file my_file-v7.csv (CSV, C-alpha atoms)
chain,number,residue,atom,x,y,z
J,200,MET,CA,175.9,87.6,73.1
J,201,SER,CA,173.1,89.8,71.6
J,202,ARG,CA,172.8,93.4,72.7
J,203,LEU,CA,171.1,93.9,76.1
J,204,LYS,CA,169.5,96.9,77.7
J,205,SER,CA,171.9,98.9,79.8
J,206,SER,CA,170.1,97.9,83.1
J,207,GLU,CA,170.1,94.2,82.2
J,208,ARG,CA,173.8,94.3,81.1
J,209,ARG,CA,174.8,96.0,84.3
J,210,MET,CA,172.9,93.4,86.3
J,211,LYS,CA,174.6,90.6,84.5
J,212,LEU,CA,177.9,92.4,84.9
J,213,ILE,CA,177.5,92.4,88.7
J,214,LEU,CA,176.6,88.8,88.8
J,215,MET,CA,179.5,87.8,86.5
J,216,LEU,CA,182.0,89.7,88.7
J,217,GLN,CA,180.5,88.3,91.8
J,218,GLN,CA,180.6,84.7,90.6
J,219,SER,CA,184.1,84.9,89.0
J,220,LYS,CA,187.0,83.9,91.2
J,221,LYS,CA,189.3,86.0,89.0
J,222,ARG,CA,189.3,89.6,87.9
J,223,ILE,CA,188.1,90.3,84.3
J,224,THR,CA,189.5,92.8,81.9
J,225,VAL,CA,187.6,95.5,80.1
J,226,ASP,CA,188.4,94.0,76.7
J,227,LYS,CA,187.0,90.6,77.7
J,228,LEU,CA,183.8,92.1,79.1
J,229,ALA,CA,183.4,94.3,76.0
J,230,ASP,CA,183.7,91.1,73.8
J,231,MET,CA,181.4,89.1,76.0
J,232,PHE,CA,178.6,91.7,75.9
J,233,ASN,CA,179.3,92.8,72.3
J,234,VAL,CA,179.8,96.4,73.2
J,235,SER,CA,182.6,98.9,73.1
J,236,ARG,CA,185.2,99.5,75.8
J,237,ARG,CA,183.7,102.9,76.4
J,238,THR,CA,180.3,101.3,77.1
J,239,ILE,CA,181.9,99.0,79.8
J,240,PHE,CA,183.6,102.0,81.4
J,241,ARG,CA,180.2,103.8,81.5
J,242,ASP,CA,178.7,100.7,83.1
J,243,PHE,CA,181.3,100.7,85.8
J,244,ASN,CA,180.7,104.4,86.5
J,245,ALA,CA,177.0,103.7,86.8
J,246,LEU,CA,177.7,100.8,89.3
J,247,SER,CA,179.9,103.1,91.4
J,248,ASP,CA,177.1,105.6,91.5
J,249,LEU,CA,174.9,102.8,92.9
J,250,LYS,CA,177.5,102.2,95.6
J,251,VAL,CA,178.5,98.8,94.2
J,252,PRO,CA,182.0,98.2,95.5
J,253,VAL,CA,183.9,97.6,92.2
J,254,THR,CA,187.6,97.0,92.6
J,255,TRP,CA,190.4,97.3,90.0
J,256,ASP,CA,194.0,96.7,89.4
J,257,GLU,CA,196.0,97.6,86.4
J,258,PHE,CA,197.3,94.0,85.7
J,259,ASN,CA,194.2,91.8,86.1
J,260,GLY,CA,191.2,94.1,85.6
J,261,TYR,CA,187.9,94.4,87.5
J,262,GLY,CA,186.3,92.6,90.3
J,263,ILE,CA,183.9,93.2,93.2
J,264,MET,CA,184.8,93.5,96.9
J,265,GLU,CA,184.8,90.1,98.6
J,266,GLY,CA,181.7,89.5,100.7
J,267,TYR,CA,179.5,91.9,98.7
J,268,LYS,CA,176.0,90.5,97.9
J,269,ILE,CA,173.8,91.8,95.2
J,270,PRO,CA,170.6,93.5,96.5
J,271,PRO,CA,167.8,90.9,96.3
J,272,LEU,CA,164.9,91.0,93.8
J,273,MET,CA,166.4,93.1,91.1
J,274,PHE,CA,164.4,91.6,88.2
J,275,THR,CA,163.8,92.5,84.6
J,276,THR,CA,160.3,92.5,83.3
J,277,GLU,CA,160.9,89.2,81.4
J,278,GLU,CA,162.1,87.6,84.6
J,279,LEU,CA,159.1,88.9,86.5
J,280,ALA,CA,156.7,87.6,83.8
J,281,THR,CA,158.4,84.1,84.2
J,282,ILE,CA,157.9,84.4,88.0
J,283,MET,CA,154.2,85.4,87.6
J,284,VAL,CA,153.6,82.3,85.3
J,285,GLY,CA,155.2,80.1,88.0
J,286,LEU,CA,153.2,81.7,90.9
J,287,ASN,CA,149.9,81.5,88.9
J,288,PHE,CA,150.5,77.8,88.2
J,289,VAL,CA,151.1,77.2,91.9
J,290,LYS,CA,148.0,79.3,92.9
J,291,SER,CA,145.9,77.2,90.5
J,292,GLN,CA,146.6,73.9,92.3
J,293,VAL,CA,144.1,72.4,94.7
J,294,ASP,CA,146.6,72.3,97.6
J,295,LYS,CA,145.3,75.1,99.8
J,296,LYS,CA,148.6,75.7,101.7
J,297,LEU,CA,150.6,75.7,98.5
J,298,ALA,CA,148.3,78.3,96.9
J,299,GLU,CA,148.5,80.5,100.1
J,300,ASP,CA,152.3,80.4,100.2
J,301,ALA,CA,152.4,81.4,96.5
J,302,LYS,CA,150.2,84.5,97.3
J,303,GLY,CA,152.6,85.3,100.1
J,304,VAL,CA,155.6,85.2,97.9
J,305,GLU,CA,153.9,87.4,95.4
J,306,LEU,CA,153.0,90.0,98.0
J,307,LYS,CA,156.6,90.1,99.3
J,308,ILE,CA,158.0,90.6,95.8
J,309,LYS,CA,155.5,93.5,95.3
J,310,GLU,CA,156.7,95.1,98.5
J,311,VAL,CA,160.3,95.5,97.3
J,312,VAL,CA,160.2,96.1,93.6
J,313,ASN,CA,159.8,99.6,92.1
J,314,ASP,CA,156.4,101.1,91.1
J,315,GLU,CA,157.0,100.3,87.4
J,316,LEU,CA,157.6,96.6,88.1
J,317,ARG,CA,154.8,96.4,90.6
J,318,ASN,CA,152.3,97.8,88.0
J,319,PHE,CA,153.7,95.3,85.6
J,320,MET,CA,152.9,92.5,88.0
J,321,ASP,CA,149.4,93.8,88.7
J,322,SER,CA,148.7,93.9,85.0
J,323,LEU,CA,149.6,90.2,84.6
J,324,GLU,CA,148.1,88.9,87.9
J,325,ASN,CA,144.6,88.2,86.6
J,326,LYS,CA,145.5,88.0,82.9
J,327,THR,CA,147.8,85.0,83.1
J,328,VAL,CA,145.7,81.9,83.9
J,329,VAL,CA,147.4,78.6,84.1
J,330,ASP,CA,145.3,75.4,84.1
J,331,PRO,CA,141.8,77.2,84.3
J,332,PHE,CA,139.9,74.0,85.3
J,333,LEU,CA,141.9,73.7,88.4
J,334,HIS,CA,142.0,77.4,89.0
J,335,PHE,CA,138.3,78.0,88.8
J,336,GLY,CA,136.7,74.6,89.1
J,337,HIS,CA,138.1,73.1,92.3
J,338,GLU,CA,137.8,73.9,95.9
J,339,LYS,CA,141.2,74.1,97.6
J,340,LYS,CA,142.1,71.3,100.1
J,341,ASP,CA,144.8,70.5,102.5
J,342,GLY,CA,147.5,68.6,100.7
J,343,GLY,CA,149.8,67.5,103.6
J,344,ASN,CA,152.7,69.2,105.1
J,345,TRP,CA,155.1,69.3,102.2
J,346,TYR,CA,157.3,71.8,103.9
J,347,ILE,CA,158.2,69.4,106.8
J,348,VAL,CA,158.9,66.7,104.3
J,349,SER,CA,161.1,68.9,102.1
J,350,SER,CA,163.0,70.1,105.2
J,351,ALA,CA,163.7,66.5,106.2
J,352,ILE,CA,165.0,65.8,102.6
J,353,SER,CA,167.3,68.8,102.7
J,354,ARG,CA,168.7,67.8,106.1
J,355,GLN,CA,168.8,64.1,105.3
J,356,LYS,CA,166.8,63.2,108.4
J,357,SER,CA,164.3,60.3,108.7
J,358,LEU,CA,160.6,61.0,108.9
J,359,ARG,CA,158.2,59.3,111.3
J,360,PHE,CA,154.4,59.5,110.7
J,361,VAL,CA,151.1,57.6,110.8
J,362,TYR,CA,150.0,56.4,107.4
J,363,ARG,CA,146.3,55.7,106.4
J,364,SER,CA,145.9,53.1,103.7
J,365,LYS,CA,143.6,54.0,100.8
J,366,GLY,CA,141.6,50.7,100.8
J,367,ASP,CA,140.4,50.1,104.3
J,368,SER,CA,141.7,53.3,106.1
J,369,THR,CA,144.0,51.2,108.3
J,370,GLU,CA,146.6,53.3,110.1
J,371,THR,CA,150.1,52.2,110.7
J,372,GLU,CA,153.2,53.9,112.0
J,373,ARG,CA,156.0,54.4,109.4
J,374,LEU,CA,159.6,55.4,109.5
J,375,ILE,CA,161.2,56.4,106.1
J,376,ASP,CA,164.3,58.0,104.7
J,377,PRO,CA,162.8,60.6,102.4
J,378,TYR,CA,164.5,61.0,99.0
J,379,LEU,CA,162.2,63.0,96.8
J,380,ILE,CA,159.0,65.0,97.0
J,381,VAL,CA,156.8,65.0,93.9
J,382,PHE,CA,153.6,66.9,93.1
J,383,TYR,CA,151.3,65.0,90.7
J,384,LYS,CA,148.1,66.6,89.5
J,385,ASP,CA,146.4,67.3,92.8
J,386,HIS,CA,148.5,65.8,95.6
J,387,TRP,CA,152.0,65.6,97.0
J,388,ASN,CA,153.9,62.4,97.2
J,389,VAL,CA,157.1,61.5,99.1
J,390,ILE,CA,159.3,58.7,97.7
J,391,GLY,CA,161.8,57.2,100.1
J,392,TYR,CA,163.2,54.1,101.8
J,393,SER,CA,160.6,52.4,104.0
J,394,HIS,CA,162.2,50.8,107.1
J,395,LYS,CA,159.0,48.7,107.5
J,396,ARG,CA,159.2,47.2,104.0
J,397,ALA,CA,163.0,47.5,103.5
J,398,ALA,CA,162.3,48.9,100.1
J,399,ILE,CA,161.7,52.2,98.2
J,400,ARG,CA,158.0,53.2,98.6
J,401,ASN,CA,155.7,56.1,97.6
J,402,PHE,CA,153.5,57.8,100.2
J,403,VAL,CA,150.7,60.3,99.6
J,404,LEU,CA,151.1,63.3,101.9
J,405,ASP,CA,147.4,63.9,102.6
J,406,ARG,CA,147.2,60.3,104.1
J,407,MET,CA,150.1,61.1,106.5
J,408,SER,CA,149.5,62.4,109.9
J,409,GLY,CA,151.6,63.3,112.9
J,410,VAL,CA,154.6,63.9,110.6
J,411,GLU,CA,157.8,64.6,112.5
J,412,ILE,CA,161.5,64.9,111.6
J,413,THR,CA,163.6,62.5,113.7
J,414,ASP,CA,167.2,63.0,114.9
J,415,GLN,CA,168.1,59.9,112.8
J,416,LYS,CA,170.3,61.0,109.9
J,417,PHE,CA,170.6,58.8,106.8
J,418,GLU,CA,173.4,58.6,104.2
J,419,LEU,CA,172.9,58.5,100.5
J,420,LYS,CA,174.9,55.7,98.8
J,421,SER,CA,174.8,57.6,95.5
J,422,GLU,CA,173.4,60.7,93.9
J,423,ILE,CA,169.6,60.7,93.8
J,424,ASN,CA,168.2,59.8,90.3
J,425,ALA,CA,164.8,61.5,90.4
J,426,GLU,CA,163.5,59.8,87.2
J,427,ALA,CA,164.4,56.3,88.4
J,428,LEU,CA,162.8,56.9,91.8
J,429,ILE,CA,159.5,58.1,90.2
J,430,PHE,CA,159.2,55.4,87.6
J,431,ASN,CA,160.9,52.3,89.2
J,432,SER,CA,158.0,51.7,91.5
J,433,ASN,CA,156.2,50.2,88.5
J,434,GLU,CA,159.0,48.0,87.2
J,435,SER,CA,157.6,45.1,89.2
J,436,GLY,CA,154.1,45.7,87.8
J,437,GLN,CA,152.3,44.0,85.0
J,438,LYS,CA,153.1,44.7,81.4
J,439,ILE,CA,150.2,46.7,79.9
J,440,GLU,CA,149.5,47.0,76.1
J,441,VAL,CA,147.0,49.5,74.8
J,442,LEU,CA,146.0,51.0,71.4
J,443,VAL,CA,145.8,54.8,71.5
J,444,GLY,CA,143.9,56.9,68.9
J,445,LYS,CA,146.1,59.6,67.3
J,446,GLU,CA,143.7,62.3,68.6
J,447,ALA,CA,144.4,61.2,72.2
J,448,GLU,CA,148.2,60.5,71.7
J,449,ARG,CA,149.5,63.8,73.1
J,450,ALA,CA,147.4,63.8,76.2
J,451,PHE,CA,148.0,60.1,76.9
J,452,MET,CA,151.8,60.5,76.6
J,453,ALA,CA,151.9,63.7,78.6
J,454,ASN,CA,149.9,62.3,81.5
J,455,LEU,CA,150.7,58.6,81.7
J,456,PRO,CA,151.9,58.0,85.3
J,457,THR,CA,154.7,55.7,84.4
J,458,LYS,CA,157.5,55.2,81.8
J,459,ILE,CA,156.8,53.9,78.3
J,460,ILE,CA,158.6,50.7,77.3
J,461,ARG,CA,157.7,50.7,73.6
J,462,LYS,CA,155.6,52.7,71.2
J,463,GLU,CA,154.9,51.9,67.6
J,464,ALA,CA,152.5,53.0,64.9
J,465,ILE,CA,149.9,50.4,63.9
J,466,ASN,CA,148.4,52.5,61.1
J,467,SER,CA,147.7,56.2,60.4
J,468,LYS,CA,145.1,56.4,63.2
J,469,LYS,CA,146.4,54.3,66.1
J,470,ILE,CA,149.6,53.6,68.0
J,471,LYS,CA,150.5,50.7,70.2
J,472,VAL,CA,151.9,51.6,73.6
J,473,GLU,CA,153.6,49.2,76.1
J,474,PHE,CA,154.4,50.0,79.8
J,475,ARG,CA,154.4,48.5,83.2
J,476,PHE,CA,152.0,49.5,86.1
J,477,GLU,CA,151.5,48.1,89.5
J,478,SER,CA,148.0,49.2,90.5
J,479,LEU,CA,145.5,48.0,87.9
J,480,ASP,CA,142.6,49.6,89.8
J,481,TYR,CA,144.2,53.0,89.6
J,482,LEU,CA,145.0,52.6,85.9
J,483,ASN,CA,141.5,51.4,85.2
J,484,ASP,CA,140.0,54.6,86.6
J,485,TRP,CA,142.7,56.7,84.9
J,486,LEU,CA,141.9,55.3,81.5
J,487,LEU,CA,138.3,56.5,81.7
J,488,GLN,CA,139.2,60.0,80.7
J,489,PHE,CA,140.1,58.8,77.2
J,490,GLY,CA,136.7,57.0,76.6
J,491,ASP,CA,136.9,54.8,73.4
J,492,LYS,CA,140.1,56.5,72.2
J,493,VAL,CA,142.2,53.9,74.2
J,494,THR,CA,141.7,50.1,73.9
J,495,VAL,CA,143.3,47.7,76.3
J,496,LEU,CA,145.0,44.8,74.6
J,497,SER,CA,146.5,43.1,77.7
J,498,PRO,CA,146.5,41.9,80.4
J,499,LYS,CA,143.1,40.1,80.5
J,500,GLN,CA,142.8,41.1,84.2
J,501,LEU,CA,142.7,44.8,83.2
J,502,ILE,CA,140.3,44.1,80.3
J,503,ARG,CA,137.9,42.5,82.8
J,504,LYS,CA,138.2,45.3,85.3
J,505,ARG,CA,137.5,47.8,82.5
J,506,GLU,CA,134.4,45.8,81.4
J,507,ARG,CA,133.1,45.6,84.9
J,508,LEU,CA,133.6,49.3,85.5
J,509,ILE,CA,131.8,50.3,82.3
J,510,SER,CA,128.9,47.9,83.1
J,511,SER,CA,128.6,49.4,86.5
J,512,MET,CA,128.5,52.9,85.0
J,513,MET,CA,125.8,51.8,82.6
J,514,GLU,CA,123.7,50.3,85.4
J,515,ASN,CA,123.9,53.5,87.4
J,516,LEU,CA,122.9,55.4,84.3
J,517,HIS,CA,119.8,53.3,83.8
J,518,SER,CA,118.8,53.3,87.4
J,519,SER,CA,119.1,57.1,87.8
call {"tool": "encode", "arguments": {"input": "my_file-v7.csv", "output": "structure tokens"}}
result
Amino acid sequence: MSRLKSSERRMKLILMLQQSKKRITVDKLADMFNVSRRTIFRDFNALSDLKVPVTWDEFNGYGIMEGYKIPPLMFTTEELATIMVGLNFVKSQVDKKLAEDAKGVELKIKEVVNDELRNFMDSLENKTVVDPFLHFGHEKKDGGNWYIVSSAISRQKSLRFVYRSKGDSTETERLIDPYLIVFYKDHWNVIGYSHKRAAIRNFVLDRMSGVEITDQKFELKSEINAEALIFNSNESGQKIEVLVGKEAERAFMANLPTKIIRKEAINSKKIKVEFRFESLDYLNDWLLQFGDKVTVLSPKQLIRKRERLISSMMENLHSS
């Protein structure tokens, strides 16, 4: 372990003693932190001055009194910088409630850290901008009650709600066992077992109303596989083949809302990508962001949808 500042080392020392079920000797601690025995003794003296209840016996070494909890929010500047990046990312999102909650978390942290760390947070607050187009370019909106959904997931309780379809705005009552909550670009989704369809389904939170946690508890047959839940909804979809220009490859791969089946280089400028997707209308709209840098090879149904969409755009352009 590389050398740490004394404050960071002492914090890690407290955590290590707190988490260890056994006492730890001075020699072992000195070796772990790459310092001398004398330095470890000085650390323990400093912890005693801070009223940390360090215990010792001559045979097994040091520990911390059972039941002692480390005071909350004792951060290093590096940890606070990480937190600020995370909070600024959340505040940049279009979900109004999520952004407000992030600001609340930030205020609470500032209330309890010392002046030096508070000034450090203030200096970073407006100088660490994550996703500027979302941060400055979009009005915040209600994104659905993700907190109720996450509470149901943690308690393994079924959710009841009224769901509005995207196409014709038809509303139907649903009962689901919620497994996973996912934030994608500008909206929350909950993935779970639909009692109506007897299958795993995805629901967009801002199309859910009257959301309530029921008394019905569900059991998980196996550990949740988040990756499988997110991507398996497209396994029954059609196979899609596209050519992607090298200049668009990184953005395409990073944002494609499904799992890639196969990728191969066609030449120095283009790659061929295969994947499955269920909603061709959604995919057709999504592909517009890449302009002529992505060419659809199959299926023919998607090619025709793409041609009609582009023709409609051209007509609107000429008529305006």
call {"tool": "atom_distance", "arguments": {"input": "my_file-v7.csv", "atom1": "CA of Gln488 (chain J)", "atom2": "CA of Val289 (chain J)"}}
result
23.7 Å
call {"tool": "residues_around", "arguments": {"input": "my_file-v7.csv", "residues": "Leu479 (chain J)", "least_positions_apart": "2", "cutoff": "9 Å", "atoms": "all atoms listed in the file", "output": "NGL selection string"}}
result
:J and (436-437 or 476-477 or 481-484 or 500-501 or 504)
call {"tool": "closest_residue", "arguments": {"input": "my_file-v7.csv", "among": "J:Ser408, J:Thr275, J:Thr457, J:Asn313", "to": "Glu426 (chain J)", "atoms": "all atoms listed in the file"}}
result
J:Thr457
call {"tool": "closest_residue", "arguments": {"input": "my_file-v7.csv", "among": "J:Asp405, J:Glu265, J:Asp256, J:Glu207", "to": "Asp294 (chain J)", "atoms": "all atoms listed in the file"}}
result
J:Asp405
call {"tool": "residues_around", "arguments": {"input": "my_file-v7.csv", "residues": "Ile460 (chain J)", "least_positions_apart": "6", "cutoff": "10 Å", "atoms": "all atoms listed in the file", "output": "list in words"}}
result
Lys438, Ile439, Glu440, Val472, Glu473, Phe474 and Arg475 of chain J
call {"tool": "atom_distance", "arguments": {"input": "my_file-v7.csv", "atom1": "CA of Ser421 (chain J)", "atom2": "CA of Gln218 (chain J)"}}
result
28.1 Å
call {"tool": "atom_distance", "arguments": {"input": "my_file-v7.csv", "atom1": "CA of Phe274 (chain J)", "atom2": "CA of Lys250 (chain J)"}}
result
18.4 Å
call {"tool": "residues_around", "arguments": {"input": "my_file-v7.csv", "residues": "Met452 (chain J)", "least_positions_apart": "2", "cutoff": "12 Å", "atoms": "only C-alpha atoms", "output": "PyMOL selection string"}}
result
chain J and resi 443-450+454-462+470-474+489+493
call {"tool": "residues_near_point", "arguments": {"input": "my_file-v7.csv", "point": "(145.5, 48.7, 99.8)", "cutoff": "12 Å", "atoms": "all atoms listed in the file", "output": "PyMOL selection string"}}
result
chain J and resi 362-370+477-481
call {"tool": "closest_residue", "arguments": {"input": "my_file-v7.csv", "among": "J:Leu316, J:Met407, J:Ala425, J:Met215", "to": "Gly343 (chain J)", "atoms": "all atoms listed in the file"}}
result
J:Met407
call {"tool": "closest_residue", "arguments": {"input": "my_file-v7.csv", "among": "J:Lys395, J:Val410, J:Leu486, J:Leu379", "to": "Asn424 (chain J)", "atoms": "only C-alpha atoms"}}
result
J:Leu379
call {"tool": "residues_around", "arguments": {"input": "my_file-v7.csv", "residues": "Thr327 (chain J)", "least_positions_apart": "5", "cutoff": "8 Å", "atoms": "all atoms listed in the file", "output": "list in words"}}
result
Met283, Val284 and Asn287 of chain J
call {"tool": "closest_residue", "arguments": {"input": "my_file-v7.csv", "among": "J:Lys469, J:Ile282, J:Ser357, J:Ser393", "to": "Asp414 (chain J)", "atoms": "only C-alpha atoms"}}
result
J:Ser357
